[in-house]
Amino acid sequence: MKYLFYDYFYHDVVIKSLLCNFADVENSNSIQFVLNICDADVEDDNLLDFETQVKCVFRNVHRSYIDLHHNIVGDYYISSSEINDKDPILIEYKEEMKNYISMERLCKLKCYSIFTNGGCVKIISENDVEIVNNSL
């Protein structure tokens with residue numbers, strides 16, 4: 001299975017902005033990123049056709065963990081990223097929610113981790129990232 005996440009959250013991509021919306025009561029919490037891919041060491045020729053900034057969003061976020069240092073100088077550069085179904089944060093969440101969420105949905109959950117020069121972002125979601133706009 002190919003994940004769109006790996007096409008955009010790769011080494012040296014810059015996170016220009018991060019917007020969290022957790023106000024929706026219908027379980028459609030979201031986290032939106034604006035990524036700058038122009039400075040990245042792009043190996044995929046298909047990505048070179050995109051504009052320099054890409055807006056993407058995780059929808060229906062179950063839980064997130066954002067630990068970014070806010071006093072760093074410069075931008076957040078992604079150093080690595082991964083998708084994991086054995087992350088301790090995900091395992092803890094599944095244990096807490098096993099009586100409230102169907103086992104089918106719990107099995108679909110993945111932990112999307114983004115490690116930067118200024119900390120990390122972890123997103124528990126059953127859906128991969130979506131590209132909202134690739135020409136801001």
# chains A, B, ... in the order shown; residues from 1 in each chain; ligands from 1

call {"tool": "residues_around", "arguments": {"residues": "segment 102-110 of chain A", "least_positions_apart": "2", "cutoff": "6 Å", "atoms": "only C-alpha atoms", "output": "PyMOL selection string"}}
result
chain A and resi 84-85+124-126

call {"tool": "select_by_dssp", "arguments": {"residues": "chain A", "states": "alpha helix (DSSP H)", "output": "short mmCIF file (atom, residue, chain, number, x, y, z; two decimals) with N, CA, C and O atoms, in the first residue's frame"}}
result
data_model
loop_
_atom_site.label_atom_id
_atom_site.label_comp_id
_atom_site.auth_asym_id
_atom_site.auth_seq_id
_atom_site.Cartn_x
_atom_site.Cartn_y
_atom_site.Cartn_z
N LEU A 4 0.44 8.42 0.66
CA LEU A 4 0.69 9.77 0.21
C LEU A 4 1.55 10.52 1.22
O LEU A 4 2.34 11.40 0.86
N PHE A 5 1.44 10.17 2.48
CA PHE A 5 2.21 10.77 3.56
C PHE A 5 3.70 10.79 3.23
O PHE A 5 4.38 11.80 3.41
N TYR A 6 4.22 9.67 2.73
CA TYR A 6 5.65 9.58 2.44
C TYR A 6 6.05 10.44 1.24
O TYR A 6 7.20 10.79 1.08
N ASP A 7 5.10 10.77 0.36
CA ASP A 7 5.41 11.61 -0.79
C ASP A 7 5.65 13.06 -0.40
O ASP A 7 6.28 13.80 -1.15
N TYR A 8 5.13 13.48 0.74
CA TYR A 8 5.23 14.89 1.13
C TYR A 8 6.01 15.13 2.40
O TYR A 8 6.64 16.18 2.55
N PRO A 88 3.87 3.69 21.10
CA PRO A 88 3.29 3.65 22.46
C PRO A 88 2.07 4.56 22.63
O PRO A 88 1.13 4.20 23.34
N ILE A 89 2.06 5.71 21.99
CA ILE A 89 0.91 6.62 22.07
C ILE A 89 -0.32 5.98 21.43
O ILE A 89 -1.42 6.07 21.96
N LEU A 90 -0.14 5.30 20.31
CA LEU A 90 -1.24 4.61 19.64
C LEU A 90 -1.74 3.44 20.47
O LEU A 90 -2.95 3.25 20.63
N ILE A 91 -0.84 2.66 21.01
CA ILE A 91 -1.22 1.51 21.83
C ILE A 91 -2.01 1.96 23.06
O ILE A 91 -3.04 1.37 23.40
N GLU A 92 -1.55 3.03 23.70
CA GLU A 92 -2.27 3.58 24.86
C GLU A 92 -3.66 4.06 24.46
O GLU A 92 -4.64 3.80 25.17
N TYR A 93 -3.77 4.74 23.33
CA TYR A 93 -5.07 5.24 22.87
C TYR A 93 -6.03 4.08 22.59
O TYR A 93 -7.19 4.11 22.99
N LYS A 94 -5.54 3.06 21.90
CA LYS A 94 -6.39 1.91 21.59
C LYS A 94 -6.89 1.23 22.87
O LYS A 94 -8.05 0.82 22.94
N GLU A 95 -6.03 1.14 23.86
CA GLU A 95 -6.42 0.53 25.13
C GLU A 95 -7.51 1.35 25.82
O GLU A 95 -8.49 0.80 26.33
N GLU A 96 -7.36 2.69 25.79
CA GLU A 96 -8.36 3.56 26.42
C GLU A 96 -9.70 3.51 25.71
O GLU A 96 -10.75 3.65 26.33
N MET A 97 -9.68 3.34 24.40
CA MET A 97 -10.89 3.47 23.59
C MET A 97 -11.52 2.14 23.18
O MET A 97 -12.54 2.14 22.49
N MET A 103 -13.82 -2.41 17.09
CA MET A 103 -12.52 -3.04 16.86
C MET A 103 -12.08 -2.83 15.41
O MET A 103 -10.89 -2.67 15.14
N GLU A 104 -13.03 -2.82 14.50
CA GLU A 104 -12.72 -2.59 13.09
C GLU A 104 -12.04 -1.23 12.90
O GLU A 104 -11.03 -1.13 12.20
N ARG A 105 -12.58 -0.18 13.51
CA ARG A 105 -11.98 1.16 13.41
C ARG A 105 -10.65 1.22 14.14
O ARG A 105 -9.70 1.83 13.65
N LEU A 106 -10.57 0.62 15.30
CA LEU A 106 -9.31 0.63 16.05
C LEU A 106 -8.19 -0.02 15.26
O LEU A 106 -7.05 0.44 15.30
N CYS A 107 -8.50 -1.06 14.53
CA CYS A 107 -7.48 -1.76 13.74
C CYS A 107 -6.97 -0.91 12.57
O CYS A 107 -5.85 -1.12 12.09
N LYS A 108 -7.77 0.02 12.11
CA LYS A 108 -7.37 0.89 11.00
C LYS A 108 -6.46 2.04 11.43
O LYS A 108 -5.83 2.67 10.59
#

call {"tool": "residues_around", "arguments": {"residues": "segment 75-79 of chain A", "least_positions_apart": "5", "cutoff": "6 Å", "atoms": "only C-alpha atoms", "output": "PyMOL selection string"}}
result
chain A and resi 11-15+115-117

call {"tool": "write_last_selection", "arguments": {"atoms": "N, CA, C and O atoms", "output": "compact mmCIF listing (two decimals), in the first residue's frame"}}
result
# COMPACT_ATOMS: atom_id res chain seq x y z
N HIS A 11 12.51 13.93 4.24
CA HIS A 11 13.68 14.64 4.74
C HIS A 11 13.87 15.99 4.04
O HIS A 11 13.81 16.08 2.82
N ASP A 12 14.09 17.04 4.83
CA ASP A 12 14.40 18.41 4.40
C ASP A 12 13.21 19.23 3.91
O ASP A 12 13.39 20.36 3.49
N VAL A 13 12.01 18.69 3.95
CA VAL A 13 10.82 19.51 3.65
C VAL A 13 10.62 20.47 4.83
O VAL A 13 10.85 20.12 5.98
N VAL A 14 10.18 21.68 4.54
CA VAL A 14 9.95 22.70 5.56
C VAL A 14 8.46 22.79 5.88
O VAL A 14 7.63 22.87 4.97
N ILE A 15 8.13 22.76 7.16
CA ILE A 15 6.75 23.00 7.60
C ILE A 15 6.60 24.51 7.78
O ILE A 15 7.18 25.10 8.69
N PHE A 115 9.21 13.97 12.54
CA PHE A 115 10.29 14.41 13.40
C PHE A 115 11.00 15.58 12.71
O PHE A 115 11.40 15.47 11.56
N THR A 116 11.14 16.69 13.44
CA THR A 116 11.74 17.90 12.87
C THR A 116 12.95 18.32 13.71
O THR A 116 13.22 17.74 14.76
N ASN A 117 13.62 19.36 13.24
CA ASN A 117 14.73 19.93 13.98
C ASN A 117 14.26 20.61 15.27
O ASN A 117 15.08 20.94 16.12

call {"tool": "atom_distance", "arguments": {"atom1": "atom CA of Tyr3 of chain A", "atom2": "atom CA of Val34 of chain A"}}
result
18.1 Å
